[in-house]
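File shown here: work_13.pdb, holding PDB, N, CA and C atoms.
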ATOM      1  N   MET A  61       4.726  -1.452  11.294
ATOM      2  CA  MET A  61       4.124  -0.643  10.263
ATOM      3  C   MET A  61       2.974   0.144  10.890
ATOM      4  N   ARG A  62       2.966   1.425  10.690
ATOM      5  CA  ARG A  62       1.913   2.279  11.226
ATOM      6  C   ARG A  62       0.925   2.593  10.105
ATOM      7  N   ASP A  63      -0.330   2.393  10.398
ATOM      8  CA  ASP A  63      -1.362   2.651   9.407
ATOM      9  C   ASP A  63      -2.573   3.235  10.121
ATOM     10  N   ILE A  64      -2.811   4.508   9.903
ATOM     11  CA  ILE A  64      -3.912   5.219  10.570
ATOM     12  C   ILE A  64      -5.251   4.565  10.256
ATOM     13  N   ALA A  65      -5.444   4.158   9.014
ATOM     14  CA  ALA A  65      -6.722   3.555   8.634
ATOM     15  C   ALA A  65      -6.967   2.248   9.391
ATOM     16  N   GLU A  66      -5.927   1.455   9.591
ATOM     17  CA  GLU A  66      -6.101   0.215  10.349
ATOM     18  C   GLU A  66      -6.478   0.514  11.794
ATOM     19  N   LEU A  67      -5.899   1.550  12.355
ATOM     20  CA  LEU A  67      -6.286   1.945  13.714
ATOM     21  C   LEU A  67      -7.741   2.389  13.757
ATOM     22  N   LYS A  68      -8.160   3.138  12.754
ATOM     23  CA  LYS A  68      -9.557   3.579  12.702
ATOM     24  C   LYS A  68     -10.495   2.385  12.593
ATOM     25  N   LEU A  69     -10.115   1.396  11.779
ATOM     26  CA  LEU A  69     -10.946   0.194  11.668
ATOM     27  C   LEU A  69     -10.961  -0.583  12.982
ATOM     28  N   PHE A  70      -9.806  -0.667  13.636
ATOM     29  CA  PHE A  70      -9.714  -1.397  14.906
ATOM     30  C   PHE A  70     -10.628  -0.783  15.964
ATOM     31  N   PHE A  71     -10.670   0.550  16.012
ATOM     32  CA  PHE A  71     -11.484   1.256  17.009
ATOM     33  C   PHE A  71     -12.805   1.745  16.415
ATOM     34  N   SER A  72     -13.293   1.077  15.413
ATOM     35  CA  SER A  72     -14.471   1.537  14.687
ATOM     36  C   SER A  72     -15.733   1.624  15.542
ATOM     37  N   GLU A  73     -15.803   0.839  16.624
ATOM     38  CA  GLU A  73     -17.000   0.904  17.462
ATOM     39  C   GLU A  73     -17.165   2.280  18.107
ATOM     40  N   ALA A  74     -16.102   3.064  18.128
ATOM     41  CA  ALA A  74     -16.172   4.407  18.709
ATOM     42  C   ALA A  74     -16.708   5.439  17.726
ATOM     43  N   GLY A  75     -16.878   5.039  16.471
ATOM     44  CA  GLY A  75     -17.333   5.986  15.451
ATOM     45  C   GLY A  75     -18.646   5.569  14.828
ATOM     46  N   ASP A  76     -18.929   6.158  13.706
ATOM     47  CA  ASP A  76     -20.148   5.888  12.959
ATOM     48  C   ASP A  76     -19.976   4.607  12.147
ATOM     49  N   PRO A  77     -20.794   3.580  12.409
ATOM     50  CA  PRO A  77     -20.657   2.302  11.703
ATOM     51  C   PRO A  77     -20.769   2.409  10.184
ATOM     52  N   SER A  78     -21.487   3.391   9.696
ATOM     53  CA  SER A  78     -21.645   3.532   8.243
ATOM     54  C   SER A  78     -20.341   3.956   7.565
ATOM     55  N   ASN A  79     -19.408   4.463   8.336
ATOM     56  CA  ASN A  79     -18.126   4.885   7.768
ATOM     57  C   ASN A  79     -17.137   3.734   7.599
ATOM     58  N   ILE A  80     -17.377   2.615   8.258
ATOM     59  CA  ILE A  80     -16.428   1.503   8.244
ATOM     60  C   ILE A  80     -16.245   0.947   6.838
ATOM     61  N   VAL A  81     -17.334   0.667   6.151
ATOM     62  CA  VAL A  81     -17.253   0.103   4.800
ATOM     63  C   VAL A  81     -16.569   1.087   3.860
ATOM     64  N   HIS A  82     -16.919   2.346   3.968
ATOM     65  CA  HIS A  82     -16.297   3.369   3.119
ATOM     66  C   HIS A  82     -14.797   3.446   3.380
ATOM     67  N   LEU A  83     -14.417   3.460   4.640
ATOM     68  CA  LEU A  83     -13.001   3.527   4.999
ATOM     69  C   LEU A  83     -12.254   2.308   4.460
ATOM     70  N   ALA A  84     -12.810   1.127   4.644
ATOM     71  CA  ALA A  84     -12.162  -0.092   4.174
ATOM     72  C   ALA A  84     -12.005  -0.077   2.657
ATOM     73  N   ARG A  85     -13.023   0.317   1.945
ATOM     74  CA  ARG A  85     -12.947   0.370   0.472
ATOM     75  C   ARG A  85     -11.910   1.379   0.002
ATOM     76  N   GLU A  86     -11.836   2.506   0.676
ATOM     77  CA  GLU A  86     -10.839   3.517   0.312
ATOM     78  C   GLU A  86      -9.426   3.001   0.552
ATOM     79  N   GLN A  87      -9.244   2.275   1.629
ATOM     80  CA  GLN A  87      -7.926   1.729   1.916
ATOM     81  C   GLN A  87      -7.521   0.685   0.877
ATOM     82  N   ILE A  88      -8.450  -0.162   0.499
ATOM     83  CA  ILE A  88      -8.170  -1.150  -0.546
ATOM     84  C   ILE A  88      -7.764  -0.450  -1.828
ATOM     85  N   LYS A  89      -8.500   0.580  -2.183
ATOM     86  CA  LYS A  89      -8.210   1.346  -3.404
ATOM     87  C   LYS A  89      -6.805   1.954  -3.346
ATOM     88  N   GLN A  90      -6.448   2.535  -2.222
ATOM     89  CA  GLN A  90      -5.129   3.153  -2.085
ATOM     90  C   GLN A  90      -4.014   2.112  -2.159
ATOM     91  N   HIS A  91      -4.206   0.963  -1.536
ATOM     92  CA  HIS A  91      -3.186  -0.088  -1.583
ATOM     93  C   HIS A  91      -3.047  -0.632  -3.009
ATOM     94  N   GLU A  92      -4.154  -0.808  -3.688
ATOM     95  CA  GLU A  92      -4.101  -1.287  -5.069
ATOM     96  C   GLU A  92      -3.371  -0.288  -5.971
ATOM     97  N   GLN A  93      -3.585   0.992  -5.735
ATOM     98  CA  GLN A  93      -2.891   2.019  -6.524
ATOM     99  C   GLN A  93      -1.389   1.972  -6.270
ATOM    100  N   ARG A  94      -0.995   1.817  -5.013
ATOM    101  CA  ARG A  94       0.436   1.736  -4.701
ATOM    102  C   ARG A  94       1.054   0.483  -5.304
ATOM    103  N   ILE A  95       0.333  -0.628  -5.256
ATOM    104  CA  ILE A  95       0.831  -1.867  -5.860
ATOM    105  C   ILE A  95       1.087  -1.654  -7.343
ATOM    106  N   ALA A  96       0.159  -1.023  -8.019
ATOM    107  CA  ALA A  96       0.319  -0.766  -9.457
ATOM    108  C   ALA A  96       1.540   0.113  -9.724
ATOM    109  N   ILE A  97       1.735   1.137  -8.911
ATOM    110  CA  ILE A  97       2.894   2.026  -9.074
ATOM    111  C   ILE A  97       4.191   1.265  -8.843
ATOM    112  N   TYR A  98       4.249   0.478  -7.771
ATOM    113  CA  TYR A  98       5.464  -0.275  -7.462
ATOM    114  C   TYR A  98       5.769  -1.314  -8.535
ATOM    115  N   GLN A  99       4.729  -1.973  -9.052
ATOM    116  CA  GLN A  99       4.947  -2.963 -10.105
ATOM    117  C   GLN A  99       5.455  -2.294 -11.385
ATOM    118  N   GLU A 100       4.939  -1.122 -11.679
ATOM    119  CA  GLU A 100       5.412  -0.385 -12.845
ATOM    120  C   GLU A 100       6.868   0.007 -12.674
ATOM    121  N   MET A 101       7.246   0.414 -11.465
ATOM    122  CA  MET A 101       8.633   0.767 -11.181
ATOM    123  C   MET A 101       9.534  -0.461 -11.323
ATOM    124  N   GLN A 102       9.070  -1.614 -10.836
ATOM    125  CA  GLN A 102       9.850  -2.835 -10.992
ATOM    126  C   GLN A 102      10.098  -3.129 -12.470
ATOM    127  N   HIS A 103       9.051  -3.029 -13.244
ATOM    128  CA  HIS A 103       9.163  -3.300 -14.676
ATOM    129  C   HIS A 103      10.118  -2.311 -15.355
ATOM    130  N   ARG A 104      10.006  -1.041 -14.991
ATOM    131  CA  ARG A 104      10.812   0.004 -15.622
ATOM    132  C   ARG A 104      12.293  -0.107 -15.273
ATOM    133  N   PHE A 105      12.611  -0.490 -14.048
ATOM    134  CA  PHE A 105      14.003  -0.474 -13.594
ATOM    135  C   PHE A 105      14.648  -1.857 -13.459
ATOM    136  N   ALA A 106      13.932  -2.916 -13.790
ATOM    137  CA  ALA A 106      14.429  -4.279 -13.585
ATOM    138  C   ALA A 106      15.761  -4.554 -14.275
ATOM    139  N   ASP A 107      15.996  -3.964 -15.428
ATOM    140  CA  ASP A 107      17.210  -4.251 -16.201
ATOM    141  C   ASP A 107      18.309  -3.214 -16.009
ATOM    142  N   GLN A 108      18.224  -2.424 -14.962
ATOM    143  CA  GLN A 108      19.217  -1.387 -14.731
ATOM    144  C   GLN A 108      20.064  -1.756 -13.510
ATOM    145  N   PRO A 109      21.250  -2.299 -13.735
ATOM    146  CA  PRO A 109      22.081  -2.769 -12.612
ATOM    147  C   PRO A 109      22.453  -1.680 -11.614
ATOM    148  N   GLU A 110      22.496  -0.432 -12.047
ATOM    149  CA  GLU A 110      22.895   0.644 -11.136
ATOM    150  C   GLU A 110      21.870   0.897 -10.025
ATOM    151  N   VAL A 111      20.653   0.379 -10.159
ATOM    152  CA  VAL A 111      19.642   0.550  -9.108
ATOM    153  C   VAL A 111      19.242  -0.788  -8.479
ATOM    154  N   ALA A 112      20.015  -1.826  -8.744
ATOM    155  CA  ALA A 112      19.676  -3.162  -8.244
ATOM    156  C   ALA A 112      19.523  -3.195  -6.721
ATOM    157  N   SER A 113      20.376  -2.490  -6.002
ATOM    158  CA  SER A 113      20.277  -2.506  -4.535
ATOM    159  C   SER A 113      18.996  -1.836  -4.044
ATOM    160  N   ARG A 114      18.492  -0.895  -4.795
ATOM    161  CA  ARG A 114      17.250  -0.216  -4.400
ATOM    162  C   ARG A 114      16.018  -1.066  -4.688
ATOM    163  N   MET A 115      16.165  -2.033  -5.551
ATOM    164  CA  MET A 115      15.039  -2.897  -5.887
ATOM    165  C   MET A 115      14.617  -3.747  -4.688
ATOM    166  N   VAL A 116      15.539  -3.982  -3.756
ATOM    167  CA  VAL A 116      15.208  -4.729  -2.541
ATOM    168  C   VAL A 116      14.169  -3.949  -1.733
ATOM    169  N   SER A 117      14.382  -2.654  -1.575
ATOM    170  CA  SER A 117      13.430  -1.821  -0.840
ATOM    171  C   SER A 117      12.095  -1.752  -1.569
ATOM    172  N   LEU A 118      12.157  -1.679  -2.878
ATOM    173  CA  LEU A 118      10.930  -1.641  -3.669
ATOM    174  C   LEU A 118      10.146  -2.940  -3.485
ATOM    175  N   GLN A 119      10.832  -4.061  -3.494
ATOM    176  CA  GLN A 119      10.169  -5.361  -3.288
ATOM    177  C   GLN A 119       9.544  -5.429  -1.901
ATOM    178  N   LEU A 120      10.238  -4.922  -0.892
ATOM    179  CA  LEU A 120       9.688  -4.896   0.458
ATOM    180  C   LEU A 120       8.408  -4.059   0.493
ATOM    181  N   GLY A 121       8.448  -2.890  -0.125
ATOM    182  CA  GLY A 121       7.270  -2.046  -0.178
ATOM    183  C   GLY A 121       6.098  -2.738  -0.857
ATOM    184  N   LEU A 122       6.385  -3.436  -1.931
ATOM    185  CA  LEU A 122       5.354  -4.171  -2.658
ATOM    186  C   LEU A 122       4.758  -5.273  -1.779
ATOM    187  N   GLU A 123       5.598  -5.999  -1.084
ATOM    188  CA  GLU A 123       5.105  -7.061  -0.203
ATOM    189  C   GLU A 123       4.274  -6.497   0.939
ATOM    190  N   MET A 124       4.666  -5.355   1.464
ATOM    191  CA  MET A 124       3.899  -4.717   2.544
ATOM    192  C   MET A 124       2.522  -4.277   2.041
ATOM    193  N   GLU A 125       2.478  -3.760   0.828
ATOM    194  CA  GLU A 125       1.193  -3.337   0.261
ATOM    195  C   GLU A 125       0.283  -4.540   0.035
ATOM    196  N   HIS A 126       0.844  -5.642  -0.438
ATOM    197  CA  HIS A 126       0.029  -6.848  -0.609
ATOM    198  C   HIS A 126      -0.494  -7.352   0.740
ATOM    199  N   ALA A 127       0.354  -7.293   1.747
ATOM    200  CA  ALA A 127      -0.063  -7.739   3.082
ATOM    201  C   ALA A 127      -1.169  -6.860   3.659
ATOM    202  N   ALA A 128      -1.076  -5.566   3.394
ATOM    203  CA  ALA A 128      -2.079  -4.627   3.911
ATOM    204  C   ALA A 128      -3.405  -4.882   3.259
TER     205      ALA A 128
END

Can you dump the structure from the file as structure tokens?
Amino acid sequence: MRDIAELKLFFSEAGDPSNIVHLAREQIKQHEQRIAIYQEMQHRFADQPEVASRMVSLQLGLEMEHAA
């Protein structure tokens, strides 16, 4: 998984230390927003058998967002 923000945090000593907290908070906010979107999609499409195979990818995306 490639994540530019994680790379920026990893190499944060090369930048302005005051930006680290801001960057981390922004990343948390973005991941939480994606989690909410994915959960809403799960709820909306859970009972539709024609998209059941796509729900696997959606679940993977949700798990990746939680891990991030």

*Work out how far atom C of Leu120 of chain A is from atom C of Gln93 of chain A, in Å to one decimal.*
13.3 Å

Would you kindly return, as a compact mmCIF listing (two decimals) with N, CA and C atoms, keeping the file's coordinate frame, each protein, DNA or RNA residue with an atom no farther than 12 Å from any atom of Leu118 of chain A, considering only C-alpha atoms and excluding same-chain residues fewer than 6 positions away?
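Printed below is selection-v8.txt as written:
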# COMPACT_ATOMS: atom_id res chain seq x y z
N ARG A 94 -1.00 1.82 -5.01
CA ARG A 94 0.44 1.74 -4.70
C ARG A 94 1.05 0.48 -5.30
N ILE A 95 0.33 -0.63 -5.26
CA ILE A 95 0.83 -1.87 -5.86
C ILE A 95 1.09 -1.65 -7.34
N ILE A 97 1.74 1.14 -8.91
CA ILE A 97 2.89 2.03 -9.07
C ILE A 97 4.19 1.26 -8.84
N TYR A 98 4.25 0.48 -7.77
CA TYR A 98 5.46 -0.28 -7.46
C TYR A 98 5.77 -1.31 -8.54
N GLN A 99 4.73 -1.97 -9.05
CA GLN A 99 4.95 -2.96 -10.10
C GLN A 99 5.46 -2.29 -11.38
N GLU A 100 4.94 -1.12 -11.68
CA GLU A 100 5.41 -0.38 -12.84
C GLU A 100 6.87 0.01 -12.67
N MET A 101 7.25 0.41 -11.46
CA MET A 101 8.63 0.77 -11.18
C MET A 101 9.53 -0.46 -11.32
N GLN A 102 9.07 -1.61 -10.84
CA GLN A 102 9.85 -2.84 -10.99
C GLN A 102 10.10 -3.13 -12.47
N HIS A 103 9.05 -3.03 -13.24
CA HIS A 103 9.16 -3.30 -14.68
C HIS A 103 10.12 -2.31 -15.36
N PHE A 105 12.61 -0.49 -14.05
CA PHE A 105 14.00 -0.47 -13.59
C PHE A 105 14.65 -1.86 -13.46
N ALA A 106 13.93 -2.92 -13.79
CA ALA A 106 14.43 -4.28 -13.58
C ALA A 106 15.76 -4.55 -14.28
N VAL A 111 20.65 0.38 -10.16
CA VAL A 111 19.64 0.55 -9.11
C VAL A 111 19.24 -0.79 -8.48
N ALA A 112 20.02 -1.83 -8.74
CA ALA A 112 19.68 -3.16 -8.24
C ALA A 112 19.52 -3.20 -6.72
N MET A 124 4.67 -5.36 1.46
CA MET A 124 3.90 -4.72 2.54
C MET A 124 2.52 -4.28 2.04
N GLU A 125 2.48 -3.76 0.83
CA GLU A 125 1.19 -3.34 0.26
C GLU A 125 0.28 -4.54 0.04

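Going from atom CA of Pro109 of chain A to atom C of Glu123 of chain A covers 22.7 Å.
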
_Between atom C of Ala127 of chain A and atom N of Met115 of chain A, distance in Å (one decimal)_ = 20.2 Å

_Give me, as a PyMOL selection string, all polymer residues having an atom no more than 8 Å from segment 88-92 of chain A, counting only C-alpha atoms and skipping those fewer than 3 positions away in the same chain._
chain A and resi 84-85+95-96+125-126+128

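Residue selection for this entry, given the PyMOL selection byres (((chain A and resi 68 and name CA) around 12) and name CA), comprises Arg62, Asp63, Ile64, Ala65, Glu66, Leu67, Leu69, Phe70, Phe71, Ser72, Glu73, Ala74, Gly75, Asp76, Pro77, Asn79, Ile80, Val81, His82, Leu83, Ala84 and Gln87 of chain A.
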
*Report the residues of segment 61-126 of chain A whose backbone DSSP state falls under alpha helix (DSSP H), written as number ranges by chain.*
A: 64-70, 78-105, 112-126
